[in-house]
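Q: One structure coming up, written as structure tokens, with questions to follow.
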Amino acid sequence: MMTKDEDTFLCLDHTWLKFRTAQLIQEAKLAQQFISSYCMVVVKQGEGHLRIDLESYRMQPDTVHVMVPGQTIGFCEGQKSELYLIAFDIQGDTSDDEVNFPFIGELSVHMESTLHQLCEQLCLCSRSESAIERFRGQPVFLELIYWVMTHIRQNSKSDSRAAMDRTKSYIEAHFRESMTIEQLARMAEISPKYYVSLFKKTYGKTAIDYLTEVRVNMAKQLMLQTDVRLKDVAYQVGYNDEFYFSRMFKKEVGVSPTVYLKNRRQRIVAYSVAVLGQLLALKIMPYAAPLHPKWSTYYYNNYRTDIPLHLSGYRFNEDWETNVDALANSHVDYIISTDQLEIEEKERLSQIAPVHIVPLYDKSWQEQLHATAQIVGALDEAVVWVDGYNRKVKLVRERLEEELQDDTVIFISLLGDRFFLFPTRGMRDVFEDLALQSPAGSERYETNQCLTLEELAHLDMDHLLLNIRQESETLQHWERIRTSMLWQDLKVVRRNCVHLISSDPWREYSAYAMERMVQDIHDLLCDNRT
């Protein structure tokens, strides 16, 4: 009689696995990005946090993560850490066969040196210039999969995570009450000392810091009410001392509750993601803005509790009627938008509140920031932001000169089956600001010009920053392109120097997005060199 495990593995009799690439990422920090193939993450050393879609997981050497196409992945807080990122494909015997890979998600494994040895072998095969060595990666990958499947641990790790999740849910439900570490540790049935360590390792912050975060976020919601008193807000979120509440609020938010309330007196609408990026640079939190966990991931993750009204973030102008309806009864003071409005859309918005237009393509981001600052009365903040951006650019440019030497870099976007060279103004501006070098021959092409894969192959770049538009047609073409011999033979592909960049922020043109692009380039081309 078959065991339960044998039943689990039966699907492998009709499943084909294809190894694609493997790379070692050092000082792991990677902006959230879409993955178009199956991926496995194996931690070599250090600790950090892996973010899959909207969930955060602690990275540990005895844990393997397996993700499916269509998910998003990012790494953070990975100081002194190294991890392997392995991409592969799965398909059934025929195109009609349903693919049912037996292990997806977080897997606890018994630690042996064999795991890292196999991963290191895959990295060597993946970046080899020899076709036969790259082919050798296929049996090594199958050996890795076999090793993982036969070394899965059945232990109490999942119980520990469940215990942490229980106490975290308790904090969220009882934040108004006083609570102690000893009380939470008893709920988790572990010692207080171990609880403190395990909570921080699991969620990236201490239980007390998380309690403060929950209380402050609730306070923000209460402070949206009219004629609210800070003393009442403090009491409702669990603080008996108004002044202690003010200190904790300022520590968490960066400004005092009084300043926060003052900034909230005007209900400003950021009608596009670009306008949101300008307002945040000016330290202005809008009342309404486009927020979506996929289409504006960064803003959604960081500001969804600060912005009460979430407009649709799916493709600008796509859901404009829904957005207008949402604003109709919101009593907003004024609306700031780019000039990408439909005629009827602008007319209907004007009936709700005064509409201020900031041209998106006729002005640089600095000019747009200045124009936005004039509207909201924050010209001093605009000057401070630009000065800070210039200082950061100078530091990153110096670091890139040291790291890259004479290496060349190019920015490409894939839309459908076509590559576009430097397709956005933000990409072009940041390339120029950081004084990056383009490969010989690229000067023959205009910016945003369409290139074939054959033309791309003739550009002998050392680093390729690639943005893949997240549309079904483009993703289907990407699957075909990345498995083609021409793509696999590119020097930049063999050397694992293709860096995937997400549309957020790379297709946004705002002050906030520009600074994030500079940071992305620093992380990709300096911190993660292998």
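Going through the structure tokens in order, the chains are called A, B, and so on, while each chain numbers its residues from 1 and the ligands are numbered from 1 in the order shown.
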Among segment 112-225 of chain A, which ones does DSSP place in helix (DSSP H, G or I), written as a ChimeraX atom specification?

A: /A:113-126,131-149,157-173,181-188,192-203,207-222

Q: The selected residues should be written to file as a tab-separated table (two decimals), in the first residue's frame (atoms: C-alpha atoms).

A:
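In the end it all went to part16.tsv:
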chain	number	residue	atom	x	y	z
A	113	SER	CA	26.21	21.08	3.26
A	114	THR	CA	24.87	19.24	0.20
A	115	LEU	CA	22.11	21.84	-0.24
A	116	HIS	CA	24.51	24.76	-0.68
A	117	GLN	CA	26.94	22.68	-2.75
A	118	LEU	CA	24.19	21.89	-5.26
A	119	CYS	CA	23.11	25.54	-5.39
A	120	GLU	CA	26.69	26.66	-5.96
A	121	GLN	CA	27.08	24.13	-8.77
A	122	LEU	CA	23.92	25.50	-10.41
A	123	CYS	CA	25.30	29.04	-10.25
A	124	LEU	CA	28.53	27.94	-11.91
A	125	CYS	CA	26.63	26.10	-14.65
A	126	SER	CA	24.23	29.00	-15.19
A	131	ALA	CA	26.84	25.34	-23.67
A	132	ILE	CA	27.70	21.86	-22.40
A	133	GLU	CA	28.33	23.20	-18.90
A	134	ARG	CA	25.01	25.05	-18.94
A	135	PHE	CA	23.37	21.78	-20.00
A	136	ARG	CA	25.04	20.09	-17.03
A	137	GLY	CA	22.87	22.33	-14.86
A	138	GLN	CA	19.80	20.21	-15.75
A	139	PRO	CA	20.79	17.02	-13.85
A	140	VAL	CA	22.23	19.10	-11.01
A	141	PHE	CA	18.89	20.90	-10.69
A	142	LEU	CA	16.97	17.61	-10.62
A	143	GLU	CA	19.35	16.41	-7.91
A	144	LEU	CA	18.58	19.60	-5.94
A	145	ILE	CA	14.82	19.05	-6.26
A	146	TYR	CA	15.23	15.43	-5.15
A	147	TRP	CA	17.34	16.52	-2.18
A	148	VAL	CA	14.76	19.09	-1.04
A	149	MET	CA	11.88	16.64	-1.35
A	157	LYS	CA	8.43	25.15	13.17
A	158	SER	CA	4.95	25.58	11.74
A	159	ASP	CA	3.61	25.39	15.32
A	160	SER	CA	5.99	28.18	16.32
A	161	ARG	CA	4.78	30.33	13.43
A	162	ALA	CA	1.16	29.60	14.38
A	163	ALA	CA	1.91	30.64	17.97
A	164	MET	CA	3.45	33.90	16.76
A	165	ASP	CA	0.49	34.54	14.47
A	166	ARG	CA	-1.90	34.00	17.39
A	167	THR	CA	-0.18	36.57	19.56
A	168	LYS	CA	0.08	39.00	16.65
A	169	SER	CA	-3.68	38.69	16.07
A	170	TYR	CA	-4.23	39.20	19.79
A	171	ILE	CA	-2.25	42.47	19.65
A	172	GLU	CA	-4.34	43.66	16.71
A	173	ALA	CA	-7.63	42.86	18.48
A	181	ILE	CA	5.73	40.40	27.02
A	182	GLU	CA	5.20	37.86	29.80
A	183	GLN	CA	1.48	37.71	28.96
A	184	LEU	CA	2.12	37.24	25.22
A	185	ALA	CA	4.83	34.63	25.90
A	186	ARG	CA	2.41	32.60	28.02
A	187	MET	CA	-0.05	32.62	25.11
A	188	ALA	CA	2.71	31.30	22.83
A	192	PRO	CA	9.59	35.61	27.51
A	193	LYS	CA	13.22	35.82	26.35
A	194	TYR	CA	12.65	33.39	23.48
A	195	TYR	CA	9.36	35.09	22.60
A	196	VAL	CA	11.07	38.46	22.18
A	197	SER	CA	13.70	36.93	19.89
A	198	LEU	CA	11.24	34.81	17.88
A	199	PHE	CA	8.72	37.62	17.32
A	200	LYS	CA	11.40	39.93	15.92
A	201	LYS	CA	12.87	37.21	13.72
A	202	THR	CA	9.40	36.32	12.42
A	203	TYR	CA	8.05	39.82	11.73
A	207	ALA	CA	6.15	42.92	19.75
A	208	ILE	CA	6.16	46.27	21.55
A	209	ASP	CA	7.08	48.11	18.34
A	210	TYR	CA	4.28	46.29	16.56
A	211	LEU	CA	1.81	47.25	19.30
A	212	THR	CA	2.88	50.88	18.87
A	213	GLU	CA	2.44	50.62	15.10
A	214	VAL	CA	-1.10	49.23	15.46
A	215	ARG	CA	-2.05	51.94	17.97
A	216	VAL	CA	-0.63	54.76	15.85
A	217	ASN	CA	-2.38	53.50	12.69
A	218	MET	CA	-5.68	53.44	14.56
A	219	ALA	CA	-4.99	56.91	15.91
A	220	LYS	CA	-4.53	58.18	12.36
A	221	GLN	CA	-7.98	56.87	11.47
A	222	LEU	CA	-9.55	58.52	14.52

Q: In segment 47-138 of chain A, what's strand (DSSP E) per DSSP? Answer as number ranges by chain?

A: A: 48-52, 55-59, 63-67, 72-76, 82-92, 105-108

Q: With C-alpha atoms kept, could you save the residues just selected as a short mmCIF file (atom, residue, chain, number, x, y, z; two decimals), in the first residue's frame?

A:
data_model
loop_
_atom_site.label_atom_id
_atom_site.label_comp_id
_atom_site.auth_asym_id
_atom_site.auth_seq_id
_atom_site.Cartn_x
_atom_site.Cartn_y
_atom_site.Cartn_z
CA GLY A 48 16.38 38.96 6.47
CA HIS A 49 12.83 39.00 5.28
CA LEU A 50 11.35 37.60 2.12
CA ARG A 51 8.15 39.26 0.91
CA ILE A 52 5.93 37.13 -1.34
CA GLU A 55 3.09 38.22 3.09
CA SER A 56 6.41 38.56 4.90
CA TYR A 57 8.55 35.52 5.82
CA ARG A 58 11.70 35.28 7.88
CA MET A 59 14.57 33.84 5.83
CA THR A 63 14.06 27.00 5.06
CA VAL A 64 13.41 26.81 1.32
CA HIS A 65 10.75 28.90 -0.43
CA VAL A 66 9.13 27.82 -3.71
CA MET A 67 7.06 30.38 -5.67
CA THR A 72 5.73 39.03 -6.67
CA ILE A 73 8.89 38.69 -4.62
CA GLY A 74 11.21 41.04 -2.77
CA PHE A 75 13.96 40.85 -0.15
CA CYS A 76 14.58 43.32 2.66
CA GLU A 82 23.45 35.75 0.86
CA LEU A 83 20.79 33.73 -0.88
CA TYR A 84 20.40 31.66 -4.01
CA LEU A 85 17.58 32.50 -6.43
CA ILE A 86 16.85 29.61 -8.81
CA ALA A 87 14.37 29.89 -11.69
CA PHE A 88 12.79 26.87 -13.37
CA ASP A 89 9.77 25.77 -15.41
CA ILE A 90 7.27 22.96 -14.94
CA GLN A 91 4.97 21.32 -17.48
CA GLY A 92 3.02 18.10 -17.88
CA GLY A 105 5.47 27.81 -0.31
CA GLU A 106 7.69 27.66 2.76
CA LEU A 107 9.48 24.33 3.38
CA SER A 108 11.52 23.42 6.45
#

Q: Find the spatial neighbours of Glu446 of chain A, counting only C-alpha atoms, within a cut-off of 12 Å - ignore same-chain residues fewer than 2 positions away - and output them as a PDB file with C-alpha atoms, in the first residue's frame.

A:
ATOM      1  CA  PHE A 420      12.140  49.422 -26.260  1.00  0.00           C
ATOM      2  CA  LEU A 421      15.358  51.294 -25.514  1.00  0.00           C
ATOM      3  CA  PHE A 422      15.172  53.794 -22.614  1.00  0.00           C
ATOM      4  CA  PRO A 423      11.365  53.974 -22.933  1.00  0.00           C
ATOM      5  CA  ARG A 428      16.695  58.521 -19.237  1.00  0.00           C
ATOM      6  CA  GLY A 441      26.354  51.031 -31.036  1.00  0.00           C
ATOM      7  CA  SER A 442      23.429  52.133 -28.875  1.00  0.00           C
ATOM      8  CA  GLU A 443      23.855  55.686 -30.121  1.00  0.00           C
ATOM      9  CA  ARG A 444      22.435  54.527 -33.467  1.00  0.00           C
ATOM     10  CA  ASN A 448      12.096  54.570 -26.951  1.00  0.00           C
ATOM     11  CA  GLN A 449      12.972  52.972 -30.303  1.00  0.00           C
ATOM     12  CA  CYS A 450      11.810  49.416 -30.880  1.00  0.00           C
ATOM     13  CA  LEU A 451      14.577  46.775 -31.074  1.00  0.00           C
TER      14      LEU A 451
END

Q: Restricting the calculation to only C-alpha atoms, which member of A:Leu415, A:Tyr260, A:Ser364, A:Pro290 is positioned closest to Gln476 of chain A?

A: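 Once distances to Gln476 of chain A are computed over only C-alpha atoms, the minimum belongs to A:Leu415.
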
Q: Which neighbours of segment 340-347 of chain A fall inside 8 Å, counting only C-alpha atoms, when residues of the same chain fewer than 3 positions from it are skipped, and could you give them as a PyMOL selection string?

A: chain A and resi 317+320-321+324+337+350-351+355+360

Q: Taking into account only C-alpha atoms, which residue in the set A:Arg176, A:Met285, A:Glu508, A:Thr21 is nearest to Asp306 of chain A?

A: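 The shortest atom-to-atom distance to Asp306 of chain A comes from A:Met285.
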
Q: Looking at only C-alpha atoms, which of A:Ile25, A:Ala274, A:Leu279, A:Ile152 is the one that sits closest to Asp62 of chain A?

A: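 Nearest to Asp62 of chain A: A:Ile152.
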
Q: Near Leu466 of chain A, counting only C-alpha atoms, which residues have an atom at most 8 Å away, once you skip same-chain residues fewer than 4 positions from it, shown as a list in words?

A: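 Counting only the stated atoms, we get Phe411, Ile412, Ser413, Leu414, Val498, His499, Leu500 and Ile501 of chain A.
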
Q: What is the distance, in Å and to one decimal place, between atom CA of Val383 of chain A and atom CA of Glu367 of chain A?

A: 11.2 Å

Q: Atom CA of Ile468 of chain A to atom CA of Arg494 of chain A: how many Å, to one decimal?

A: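 Atom CA of Ile468 of chain A sits 19.0 Å away from atom CA of Arg494 of chain A.
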